[in-house]
Amino acid sequence: MSNKKIPSRSISRRKFLEISMKGGLLVAATPTLLSGLTSFRQGDNPGRSIAIDKSTLSKVINKALERGGDFADIYLENRISREISMEESIFNSGIYGVRQGAGVRIICGEKTGFAYTDEIDEASLMRAAEVASYVARNDGNTITPVDLSTAERESYVSVKRPLEEIADEKRIEIMQRADQTALDYDPKIKMTSINYYDQVRSRIIANSEGLYLGDELPMIMFIVNTLGEDGRRRHMGRQRESYHSGFEMFEKVSPEDMAKKAARESVDMLVAEDSPAGTMDVVMENGWGGVLVHEAVGHPLEADNIAKEIGAFTGKVGKKVAADCFTMVDDGTIPNFRGTINFDDEGTPAQKNVLIENGVLNGYMTDILSAKQLDMKRTGNGRRQSYRHIPIPRMTNTFIQKGDDKPEDILASTKKGLYVQSLGGGSVNPVTGQFNFTCREAYIIENGKKTKPVRGATLVGSCMDIVSNIDAVGDDLDFGVGFCGKAGQTAEVTVGQPTVRIRGINVGGSRA
C-alpha cells in the first residue's frame with residue numbers, strides 16, 4: 001500500500017477513484033471525519049474488478065519466458081480495506097485503503113525471477129516480465145506456454161451480508177458494545193482498545209500451464225484489548241476473532257462475550273505470582289494453544305526448508321515422529337475460517353492435508369517450486385502476502401485432531417504442573433526445531449486442580465520433544481486466529497487444538 005496520506009477534506013470522490021486505480025491509496029481520517037471517510041462504498045471503486053484480458057496475459061507470459069524458463073505465472077490483486085481504531089472509548093483513527101498491482105514470476109531450474117508493478121496495464125506488465133526474465137534467464141530450451149483456459153475451483157467462502165453494503169454506523173456500534181461491556185465488567189478495567197478491520201481481496205492468476213482463474217475473498221478481524229490495574233500491577237487481556245465472511249460474522253461472534261473474556265483475564269491475572277522454573281508437565285487449554293504446534297511443528301513441515309535438506313523432519317516421511325495419539329492437519333477448506341482459501345496464490349486448489357497421522361509423518365506442505373524440487377504433489381500451500389511478494393509454503397488452518405480424552409480427566413490426572421490457558425508471542429527455528437513461547441495466562445496445577453495464576457512463564461524446547469511427549473489429547477477441539485510471519489511476509493492463519501498434556505517440558509520462570 002502506498003504511504004501517501006491525503007487529508008479527507010481535500011479530496012473529491014472522483015479524485016479518490018482516479019488515484020485508487022494507480023496502485024495504492026491510503027486515506028486517514030480524524031475522529032470527526034470518520035463517518036464521512038467510511039461512507040465510501042467498496043462497490044464505488046472501479047478498480048475492484050481487475051480490468052485485463054486473457055490475450056494480454058498470454059503476451060506477458062510469453063515475454064516472461066523469452067529468455068528461457070520452466071514455468072511462469074502472473075498474480076494480479078486488488079485489495080480494498082477499512083480499519084477503525086478506538087482507545088479509551090474514543091475513536092481515534094479510520095483508514096480506508098485501496099491497493100492494486102501485479103507480480104510476474106519465472107522459475108528456471110533452481111532460479112526464480114520475480115518483479116512486480118503497482119499498475120495493471122500491458123506496458124507495466126510487460127516491463128515486469130522483462131525484468132523477471134533477466135534474473136531467471138537460461139540459454140537452453142524453454143517451455144511453450146499453454147493457451148489460457150478458465151478453471152473452476154470450489155468455493156469455501158460464503159457471504160450473506162456483503163461488507164460494501166454495511167453502513168459504518170454498524171461497525172462503530174459493534175465496537176462501542178465491546179467497549180462498554182469491558183468497562184462494566186469490573187472497576188479494575190481502566191482502559192480498552194478496540195480494533196475493527198475488514199477487507200475484500202480480489203485475485204486473478206494466470207500461468208504457463210494454461211491456468212486462468214480468479215476469486216474474491218472478504219475478511220473481518222475484530223480485536224478487544226482490556227487493561228486491568230489494581231494500583232500495584234497491570235495486565236492486558238486480549239480476544240481476537242476473524243473469518244472470511246461478510247458482516248454476518250457478528251451473528252455468531254458476540255462483541256460482549258469477547259469483551260467479558262478479555263476483561264476476566266485482565267482482572268484474574270492481577271494477582272498472579274512469579275512462575276516457577278524447571279521441567280514440568282504442561283496442560284494446554286484448547287483453541288489458541290494450537291499456536292505452539294503451529295510454530296514448533298508446522299513451520300518445520302513447510303517444504304522450502306525440506307527442499308534444502310535442512311530441518312527436523314527432513315527425510316522422515318513414512319517414519320514415526322510423534323506419539324500415537326498425535327495427528328496434525330492443515331486444512332484450507334474449512335468453510336469461512338481465517339486461513340481458508342479456495343485456491344492458494346499459485347492457483348492450486350485448497351486441500352485437507354494430514355501431515356502427521358497417529359504419530360507417522362505423511363508429508364510436507366508444498367508450493368509449486370518445492371513440490372518440483374522434492375518430486376511431490378502440490379498441496380495448495382503456496383501463499384504470498386501481496387502481489388509484491390513471491391509465494392512460499394505457508395500454513396492455512398493448522399490443528400491437532402481431536403482425541404478421545406475428556407479435558408477434565410486430563411487435568412485431574414496431572415498431579416503437578418502448569419496449566420497454560422493462553423499463549424503470547426513465540427518463535428521457532430525451522431532448521432533446528434527449537435522454540436520459545438511466553439504464556440499470557442497460566443496457572444499452577446496442584447493435585448489435579450488448576451490453582452493460583454502465575455506470570456512470566458516461558459515454554460522452551462524442540463518440536464520433536466513436543467510431538468513425542470504429548471500423552472493425552474482431548475475431545476474438545478477449538479480454534480484461534482492470528483498472523484503468521486515468515487521470510488518477511490505475513491499470512492492470515494487459524495490454529496487449533498483440543499486440550500492436550502505434554503509430559504516434561506522446560507518452563508522458564510522468574511523464580512527457581
# chains A, B, ... in the order shown; residues from 1 in each chain; ligands from 1
call {"tool": "select_by_dssp", "arguments": {"residues": "stretch 257-317 of chain A", "states": "alpha helix (DSSP H)", "output": "list in words"}}
result
Asp257, Met258, Ala259, Lys260, Lys261, Ala262, Ala263, Arg264, Glu265, Ser266, Val267, Asp268, Val291, Leu292, Val293, Ala303, Asp304, Asn305, Ile306 and Ala307 of chain A
call {"tool": "write_last_selection", "arguments": {"atoms": "N, CA and C atoms", "output": "PDB file, in the first residue's frame"}}
result
ATOM      1  N   ASP A 257     -19.357 -11.015  24.536  1.00  0.00           N
ATOM      2  CA  ASP A 257     -18.649 -12.185  25.054  1.00  0.00           C
ATOM      3  C   ASP A 257     -17.138 -11.993  24.941  1.00  0.00           C
ATOM      4  N   MET A 258     -16.687 -11.450  23.822  1.00  0.00           N
ATOM      5  CA  MET A 258     -15.260 -11.205  23.656  1.00  0.00           C
ATOM      6  C   MET A 258     -14.747 -10.242  24.719  1.00  0.00           C
ATOM      7  N   ALA A 259     -15.502  -9.190  24.973  1.00  0.00           N
ATOM      8  CA  ALA A 259     -15.091  -8.192  25.964  1.00  0.00           C
ATOM      9  C   ALA A 259     -15.029  -8.792  27.358  1.00  0.00           C
ATOM     10  N   LYS A 260     -16.007  -9.628  27.705  1.00  0.00           N
ATOM     11  CA  LYS A 260     -16.009 -10.247  29.027  1.00  0.00           C
ATOM     12  C   LYS A 260     -14.820 -11.180  29.215  1.00  0.00           C
ATOM     13  N   LYS A 261     -14.476 -11.939  28.185  1.00  0.00           N
ATOM     14  CA  LYS A 261     -13.340 -12.862  28.275  1.00  0.00           C
ATOM     15  C   LYS A 261     -12.033 -12.102  28.435  1.00  0.00           C
ATOM     16  N   ALA A 262     -11.865 -11.033  27.670  1.00  0.00           N
ATOM     17  CA  ALA A 262     -10.652 -10.239  27.796  1.00  0.00           C
ATOM     18  C   ALA A 262     -10.563  -9.578  29.165  1.00  0.00           C
ATOM     19  N   ALA A 263     -11.685  -9.051  29.639  1.00  0.00           N
ATOM     20  CA  ALA A 263     -11.704  -8.380  30.945  1.00  0.00           C
ATOM     21  C   ALA A 263     -11.451  -9.372  32.071  1.00  0.00           C
ATOM     22  N   ARG A 264     -12.027 -10.567  31.972  1.00  0.00           N
ATOM     23  CA  ARG A 264     -11.785 -11.575  33.009  1.00  0.00           C
ATOM     24  C   ARG A 264     -10.301 -11.898  33.133  1.00  0.00           C
ATOM     25  N   GLU A 265      -9.636 -12.085  31.981  1.00  0.00           N
ATOM     26  CA  GLU A 265      -8.195 -12.343  32.008  1.00  0.00           C
ATOM     27  C   GLU A 265      -7.438 -11.192  32.674  1.00  0.00           C
ATOM     28  N   SER A 266      -7.791  -9.971  32.306  1.00  0.00           N
ATOM     29  CA  SER A 266      -7.105  -8.800  32.876  1.00  0.00           C
ATOM     30  C   SER A 266      -7.210  -8.768  34.387  1.00  0.00           C
ATOM     31  N   VAL A 267      -8.391  -9.068  34.914  1.00  0.00           N
ATOM     32  CA  VAL A 267      -8.616  -8.998  36.360  1.00  0.00           C
ATOM     33  C   VAL A 267      -7.983 -10.197  37.072  1.00  0.00           C
ATOM     34  N   ASP A 268      -8.194 -11.397  36.551  1.00  0.00           N
ATOM     35  CA  ASP A 268      -7.691 -12.597  37.212  1.00  0.00           C
ATOM     36  C   ASP A 268      -6.171 -12.611  37.307  1.00  0.00           C
ATOM     37  N   VAL A 291      -1.259 -22.555  18.611  1.00  0.00           N
ATOM     38  CA  VAL A 291      -0.180 -21.773  18.008  1.00  0.00           C
ATOM     39  C   VAL A 291       1.182 -22.365  18.345  1.00  0.00           C
ATOM     40  N   LEU A 292       1.289 -23.075  19.472  1.00  0.00           N
ATOM     41  CA  LEU A 292       2.553 -23.720  19.820  1.00  0.00           C
ATOM     42  C   LEU A 292       2.927 -24.765  18.774  1.00  0.00           C
ATOM     43  N   VAL A 293       1.972 -25.620  18.405  1.00  0.00           N
ATOM     44  CA  VAL A 293       2.250 -26.649  17.400  1.00  0.00           C
ATOM     45  C   VAL A 293       2.396 -26.015  16.018  1.00  0.00           C
ATOM     46  N   ALA A 303       7.776 -27.034   3.057  1.00  0.00           N
ATOM     47  CA  ALA A 303       8.713 -27.783   2.221  1.00  0.00           C
ATOM     48  C   ALA A 303       9.884 -26.991   1.668  1.00  0.00           C
ATOM     49  N   ASP A 304       9.898 -25.659   1.812  1.00  0.00           N
ATOM     50  CA  ASP A 304      11.035 -24.923   1.253  1.00  0.00           C
ATOM     51  C   ASP A 304      12.338 -25.266   1.971  1.00  0.00           C
ATOM     52  N   ASN A 305      12.288 -25.389   3.307  1.00  0.00           N
ATOM     53  CA  ASN A 305      13.485 -25.798   4.028  1.00  0.00           C
ATOM     54  C   ASN A 305      13.790 -27.280   3.820  1.00  0.00           C
ATOM     55  N   ILE A 306      12.750 -28.093   3.718  1.00  0.00           N
ATOM     56  CA  ILE A 306      12.950 -29.518   3.456  1.00  0.00           C
ATOM     57  C   ILE A 306      13.692 -29.700   2.128  1.00  0.00           C
ATOM     58  N   ALA A 307      13.337 -28.884   1.121  1.00  0.00           N
ATOM     59  CA  ALA A 307      13.996 -28.975  -0.186  1.00  0.00           C
ATOM     60  C   ALA A 307      15.482 -28.650  -0.093  1.00  0.00           C
TER      61      ALA A 307
END
call {"tool": "closest_atom_pairs", "arguments": {"of": "stretch 260-345 of chain A", "to": "stretch 419-422 of chain A", "cutoff": "7 Å", "atoms": "only C-alpha atoms", "output": "Markdown table"}}
result
| residue | atom | partner | partner_atom | distance |
| --- | --- | --- | --- | --- |
| A:Val282 | CA | A:Tyr419 | CA | 5.9 |
| A:Val283 | CA | A:Tyr419 | CA | 4.8 |
| A:Met284 | CA | A:Val420 | CA | 4.8 |
| A:Glu285 | CA | A:Gln421 | CA | 5.1 |
| A:Trp288 | CA | A:Ser422 | CA | 6.6 |
| A:Gly289 | CA | A:Ser422 | CA | 6.2 |
call {"tool": "write_last_selection", "arguments": {"atoms": "N, CA and C atoms", "output": "compact mmCIF listing (two decimals), in the first residue's frame"}}
result
# COMPACT_ATOMS: atom_id res chain seq x y z
N VAL A 282 2.85 -30.02 31.37
CA VAL A 282 2.08 -28.85 30.96
C VAL A 282 0.78 -29.30 30.31
N VAL A 283 -0.33 -28.78 30.82
CA VAL A 283 -1.63 -28.97 30.19
C VAL A 283 -1.98 -27.68 29.47
N MET A 284 -2.29 -27.81 28.17
CA MET A 284 -2.60 -26.63 27.38
C MET A 284 -4.07 -26.64 27.00
N GLU A 285 -4.75 -25.54 27.29
CA GLU A 285 -6.18 -25.42 27.00
C GLU A 285 -6.41 -25.43 25.50
N TRP A 288 -6.48 -21.44 21.12
CA TRP A 288 -5.31 -20.66 20.72
C TRP A 288 -4.00 -21.35 21.10
N GLY A 289 -4.03 -22.30 22.06
CA GLY A 289 -2.83 -23.05 22.38
C GLY A 289 -2.24 -23.76 21.18
call {"tool": "atom_distance", "arguments": {"atom1": "atom CA of A:Ile390", "atom2": "atom CA of A:Ala115"}}
result
9.0 Å
call {"tool": "residues_around", "arguments": {"residues": "A:Gly488", "least_positions_apart": "5", "cutoff": "12 Å", "atoms": "only C-alpha atoms", "output": "PDB file with N, CA and C atoms, in the first residue's frame"}}
result
ATOM      1  N   ARG A 384       1.207 -15.907  -0.526  1.00  0.00           N
ATOM      2  CA  ARG A 384       2.012 -14.686  -0.526  1.00  0.00           C
ATOM      3  C   ARG A 384       1.253 -13.594   0.205  1.00  0.00           C
ATOM      4  N   GLN A 385       1.991 -12.656   0.763  1.00  0.00           N
ATOM      5  CA  GLN A 385       1.359 -11.550   1.486  1.00  0.00           C
ATOM      6  C   GLN A 385       0.595 -10.642   0.538  1.00  0.00           C
ATOM      7  N   SER A 386       1.175 -10.376  -0.632  1.00  0.00           N
ATOM      8  CA  SER A 386       0.537  -9.497  -1.612  1.00  0.00           C
ATOM      9  C   SER A 386       1.203  -9.724  -2.960  1.00  0.00           C
ATOM     10  N   ARG A 388       3.305  -8.022  -4.240  1.00  0.00           N
ATOM     11  CA  ARG A 388       4.706  -7.604  -4.164  1.00  0.00           C
ATOM     12  C   ARG A 388       5.626  -8.705  -3.634  1.00  0.00           C
ATOM     13  N   HIS A 389       5.087  -9.877  -3.367  1.00  0.00           N
ATOM     14  CA  HIS A 389       5.856 -10.956  -2.763  1.00  0.00           C
ATOM     15  C   HIS A 389       5.752 -12.226  -3.596  1.00  0.00           C
ATOM     16  N   ILE A 390       6.796 -13.048  -3.552  1.00  0.00           N
ATOM     17  CA  ILE A 390       6.732 -14.345  -4.203  1.00  0.00           C
ATOM     18  C   ILE A 390       6.015 -15.326  -3.290  1.00  0.00           C
ATOM     19  N   PRO A 391       5.331 -16.318  -3.839  1.00  0.00           N
ATOM     20  CA  PRO A 391       4.682 -17.325  -2.995  1.00  0.00           C
ATOM     21  C   PRO A 391       5.719 -18.257  -2.372  1.00  0.00           C
ATOM     22  N   ILE A 392       5.440 -18.674  -1.145  1.00  0.00           N
ATOM     23  CA  ILE A 392       6.273 -19.628  -0.426  1.00  0.00           C
ATOM     24  C   ILE A 392       5.349 -20.574   0.334  1.00  0.00           C
TER      25      ILE A 392
END
call {"tool": "residues_around", "arguments": {"residues": "stretch 61-72 of chain A", "least_positions_apart": "3", "cutoff": "9 Å", "atoms": "only C-alpha atoms", "output": "VMD selection string"}}
result
chain A and resid 56 to 58 104 to 109 126 128 to 134 136 to 145 206 to 209
call {"tool": "write_last_selection", "arguments": {"atoms": "N, CA and C atoms", "output": "compact mmCIF listing (two decimals), in the first residue's frame"}}
result
# COMPACT_ATOMS: atom_id res chain seq x y z
N THR A 56 -3.80 -10.30 -23.32
CA THR A 56 -2.69 -9.53 -22.76
C THR A 56 -1.87 -10.38 -21.81
N LEU A 57 -2.55 -11.15 -20.97
CA LEU A 57 -1.82 -12.01 -20.03
C LEU A 57 -1.00 -13.05 -20.77
N SER A 58 -1.50 -13.57 -21.87
CA SER A 58 -0.73 -14.52 -22.67
C SER A 58 0.53 -13.87 -23.23
N VAL A 104 4.99 -10.78 -11.50
CA VAL A 104 5.32 -11.74 -12.56
C VAL A 104 6.50 -12.58 -12.10
N ARG A 105 6.37 -13.90 -12.23
CA ARG A 105 7.41 -14.81 -11.75
C ARG A 105 7.79 -15.81 -12.84
N ILE A 106 9.08 -16.12 -12.89
CA ILE A 106 9.59 -17.17 -13.78
C ILE A 106 10.43 -18.13 -12.94
N ILE A 107 10.19 -19.43 -13.09
CA ILE A 107 11.02 -20.45 -12.46
C ILE A 107 11.84 -21.12 -13.55
N CYS A 108 13.15 -21.17 -13.34
CA CYS A 108 14.05 -21.79 -14.30
C CYS A 108 15.04 -22.65 -13.52
N GLY A 109 14.76 -23.94 -13.45
CA GLY A 109 15.59 -24.81 -12.63
C GLY A 109 15.46 -24.41 -11.16
N MET A 126 4.41 -6.01 -19.11
CA MET A 126 5.49 -6.45 -20.00
C MET A 126 6.85 -6.05 -19.43
N ALA A 128 7.57 -5.69 -16.21
CA ALA A 128 7.82 -6.59 -15.08
C ALA A 128 8.28 -7.96 -15.58
N ALA A 129 7.66 -8.46 -16.65
CA ALA A 129 8.06 -9.75 -17.21
C ALA A 129 9.49 -9.70 -17.73
N GLU A 130 9.86 -8.60 -18.35
CA GLU A 130 11.22 -8.45 -18.88
C GLU A 130 12.25 -8.45 -17.75
N VAL A 131 11.96 -7.71 -16.67
CA VAL A 131 12.88 -7.65 -15.53
C VAL A 131 13.03 -9.04 -14.90
N ALA A 132 11.91 -9.71 -14.69
CA ALA A 132 11.97 -11.04 -14.07
C ALA A 132 12.72 -12.03 -14.95
N SER A 133 12.59 -11.90 -16.26
CA SER A 133 13.25 -12.84 -17.17
C SER A 133 14.77 -12.70 -17.14
N TYR A 134 15.28 -11.51 -16.86
CA TYR A 134 16.73 -11.32 -16.75
C TYR A 134 17.29 -12.13 -15.58
N ALA A 136 15.99 -14.91 -14.18
CA ALA A 136 15.83 -16.36 -14.34
C ALA A 136 16.29 -16.85 -15.71
N ARG A 137 17.01 -16.01 -16.46
CA ARG A 137 17.32 -16.36 -17.85
C ARG A 137 18.13 -17.66 -17.95
N ASN A 138 17.88 -18.35 -19.06
CA ASN A 138 18.52 -19.63 -19.33
C ASN A 138 18.72 -19.72 -20.83
N ASP A 139 19.93 -20.00 -21.23
CA ASP A 139 20.22 -20.05 -22.67
C ASP A 139 19.75 -21.35 -23.31
N GLY A 140 19.27 -22.29 -22.49
CA GLY A 140 18.82 -23.57 -23.02
C GLY A 140 17.39 -23.50 -23.51
N ASN A 141 16.74 -24.64 -23.55
CA ASN A 141 15.37 -24.72 -24.04
C ASN A 141 14.39 -24.11 -23.04
N THR A 142 13.27 -23.70 -23.55
CA THR A 142 12.21 -23.19 -22.70
C THR A 142 10.90 -23.88 -23.05
N ILE A 143 9.97 -23.87 -22.14
CA ILE A 143 8.68 -24.49 -22.40
C ILE A 143 7.86 -23.61 -23.33
N THR A 144 6.88 -24.21 -23.97
CA THR A 144 5.91 -23.46 -24.77
C THR A 144 4.65 -23.29 -23.93
N PRO A 145 4.26 -22.05 -23.62
CA PRO A 145 3.07 -21.84 -22.78
C PRO A 145 1.82 -22.44 -23.39
N ALA A 206 -2.81 -16.34 -13.66
CA ALA A 206 -2.64 -16.95 -14.97
C ALA A 206 -1.23 -17.51 -15.03
N ASN A 207 -1.07 -18.68 -15.67
CA ASN A 207 0.29 -19.24 -15.75
C ASN A 207 0.52 -19.97 -17.06
N SER A 208 1.77 -20.40 -17.24
CA SER A 208 2.20 -21.02 -18.49
C SER A 208 1.64 -22.42 -18.68
N GLU A 209 1.00 -22.98 -17.66
CA GLU A 209 0.33 -24.27 -17.78
C GLU A 209 -1.08 -24.13 -18.32
call {"tool": "atom_distance", "arguments": {"atom1": "atom CA of A:Pro430", "atom2": "atom CA of A:Ala491"}}
result
16.9 Å
call {"tool": "select_by_dssp", "arguments": {"residues": "stretch 230-450 of chain A", "states": "strand (DSSP E or B)", "output": "ChimeraX atom specification"}}
result
/A:234-243,273-274,276,278-284,302,320,328-331,337,343,349,352-357,360-361,365,382-383,392-393,397-400,405,416-428,434-446,449-450
call {"tool": "write_last_selection", "arguments": {"atoms": "C-alpha atoms", "output": "short mmCIF file (atom, residue, chain, number, x, y, z; two decimals), in the first residue's frame"}}
result
data_model
loop_
_atom_site.label_atom_id
_atom_site.label_comp_id
_atom_site.auth_asym_id
_atom_site.auth_seq_id
_atom_site.Cartn_x
_atom_site.Cartn_y
_atom_site.Cartn_z
CA ARG A 234 -1.29 -4.22 35.29
CA HIS A 235 -2.32 -6.91 32.86
CA MET A 236 -3.57 -6.63 29.30
CA GLY A 237 -6.22 -9.17 28.30
CA ARG A 238 -6.99 -9.91 24.67
CA GLN A 239 -9.57 -11.61 22.47
CA ARG A 240 -9.44 -11.90 18.68
CA GLU A 241 -11.92 -13.25 16.15
CA SER A 242 -11.56 -13.36 12.39
CA TYR A 243 -13.30 -15.08 9.50
CA GLU A 273 2.66 -14.76 41.35
CA ASP A 274 6.04 -15.27 39.71
CA PRO A 276 8.40 -21.34 38.94
CA GLY A 278 12.06 -26.20 35.70
CA THR A 279 10.92 -29.30 33.86
CA MET A 280 7.25 -29.99 34.42
CA ASP A 281 4.10 -31.41 32.88
CA VAL A 282 2.08 -28.85 30.96
CA VAL A 283 -1.63 -28.97 30.19
CA MET A 284 -2.60 -26.63 27.38
CA GLU A 302 6.89 -26.38 5.22
CA LYS A 320 7.36 -42.47 13.34
CA MET A 328 -1.82 -32.94 12.82
CA VAL A 329 -3.79 -31.48 9.91
CA ASP A 330 -3.51 -28.44 7.66
CA ASP A 331 -6.88 -27.84 6.00
CA PHE A 337 -12.14 -19.81 8.52
CA PHE A 343 -7.08 -21.94 -4.01
CA PRO A 349 -6.90 -25.98 -5.12
CA LYS A 352 -7.04 -31.08 3.56
CA ASN A 353 -3.52 -32.35 4.22
CA VAL A 354 -3.00 -34.82 7.06
CA LEU A 355 0.63 -34.07 7.85
CA ILE A 356 1.20 -36.43 10.78
CA GLU A 357 -1.23 -39.30 11.37
CA VAL A 360 3.63 -41.12 11.44
CA LEU A 361 4.82 -38.34 9.10
CA MET A 365 3.26 -28.52 2.80
CA GLY A 382 1.78 -21.58 -1.93
CA ARG A 383 0.82 -18.28 -0.30
CA ILE A 392 6.27 -19.63 -0.43
CA PRO A 393 4.96 -22.66 1.50
CA ASN A 397 -5.85 -23.76 9.12
CA THR A 398 -3.48 -25.97 11.11
CA PHE A 399 -4.55 -28.01 14.12
CA ILE A 400 -4.16 -31.12 16.25
CA ASP A 405 -9.80 -37.94 26.37
CA LYS A 416 1.61 -31.24 39.42
CA GLY A 417 2.50 -28.90 36.61
CA LEU A 418 1.48 -25.82 34.66
CA TYR A 419 -1.91 -25.13 33.07
CA VAL A 420 -1.50 -22.81 30.08
CA GLN A 421 -4.73 -21.05 29.28
CA SER A 422 -3.38 -18.62 26.70
CA LEU A 423 -0.06 -18.14 24.93
CA GLY A 424 1.52 -14.85 23.98
CA GLY A 425 4.30 -14.38 21.45
CA GLY A 426 6.75 -17.01 20.32
CA SER A 427 9.17 -18.13 17.64
CA VAL A 428 10.77 -21.23 16.18
CA GLN A 434 13.92 -25.10 18.76
CA PHE A 435 11.13 -22.82 20.01
CA ASN A 436 10.23 -20.48 22.85
CA PHE A 437 6.81 -19.15 23.85
CA THR A 438 5.60 -16.77 26.53
CA CYS A 439 2.47 -17.67 28.47
CA ARG A 440 0.00 -14.79 28.69
CA GLU A 441 -2.28 -16.60 31.13
CA ALA A 442 -1.13 -19.63 33.14
CA TYR A 443 -1.92 -21.39 36.43
CA ILE A 444 -0.20 -23.85 38.72
CA ILE A 445 -1.61 -27.39 38.77
CA GLU A 446 -1.71 -28.96 42.22
CA LYS A 449 -6.61 -28.90 40.04
CA LYS A 450 -5.91 -25.53 38.46
#
call {"tool": "decode", "arguments": {"residues": "stretch 411-426 of chain A", "atoms": "N, CA and C atoms", "output": "compact mmCIF listing (two decimals), in the first residue's frame"}}
result
# COMPACT_ATOMS: atom_id res chain seq x y z
N LEU A 411 -6.79 -32.95 33.22
CA LEU A 411 -6.37 -32.11 34.33
C LEU A 411 -6.32 -32.90 35.63
N ALA A 412 -7.35 -33.68 35.90
CA ALA A 412 -7.43 -34.41 37.16
C ALA A 412 -6.31 -35.43 37.32
N SER A 413 -5.80 -35.97 36.20
CA SER A 413 -4.74 -36.98 36.27
C SER A 413 -3.34 -36.37 36.23
N THR A 414 -3.27 -35.03 36.26
CA THR A 414 -1.98 -34.35 36.29
C THR A 414 -1.73 -33.88 37.72
N LYS A 415 -0.84 -34.55 38.41
CA LYS A 415 -0.64 -34.27 39.83
C LYS A 415 -0.05 -32.89 40.07
N LYS A 416 0.92 -32.51 39.24
CA LYS A 416 1.61 -31.24 39.42
C LYS A 416 2.10 -30.74 38.08
N GLY A 417 2.02 -29.44 37.88
CA GLY A 417 2.50 -28.90 36.61
C GLY A 417 2.00 -27.49 36.36
N LEU A 418 1.89 -27.15 35.08
CA LEU A 418 1.48 -25.82 34.66
C LEU A 418 0.31 -25.94 33.70
N TYR A 419 -0.75 -25.18 33.96
CA TYR A 419 -1.91 -25.13 33.07
C TYR A 419 -1.82 -23.84 32.27
N VAL A 420 -1.64 -23.98 30.96
CA VAL A 420 -1.50 -22.81 30.08
C VAL A 420 -2.84 -22.53 29.43
N GLN A 421 -3.41 -21.41 29.80
CA GLN A 421 -4.73 -21.05 29.28
C GLN A 421 -4.64 -20.21 28.02
N SER A 422 -3.55 -19.44 27.90
CA SER A 422 -3.38 -18.62 26.70
C SER A 422 -1.90 -18.32 26.51
N LEU A 423 -1.44 -18.45 25.26
CA LEU A 423 -0.06 -18.14 24.93
C LEU A 423 0.05 -16.73 24.39
N GLY A 424 1.23 -16.14 24.57
CA GLY A 424 1.52 -14.85 23.98
C GLY A 424 2.35 -15.02 22.72
N GLY A 425 3.45 -14.30 22.63
CA GLY A 425 4.30 -14.38 21.45
C GLY A 425 5.26 -15.55 21.52
N GLY A 426 5.80 -15.92 20.36
CA GLY A 426 6.75 -17.01 20.32
C GLY A 426 7.44 -17.09 18.98
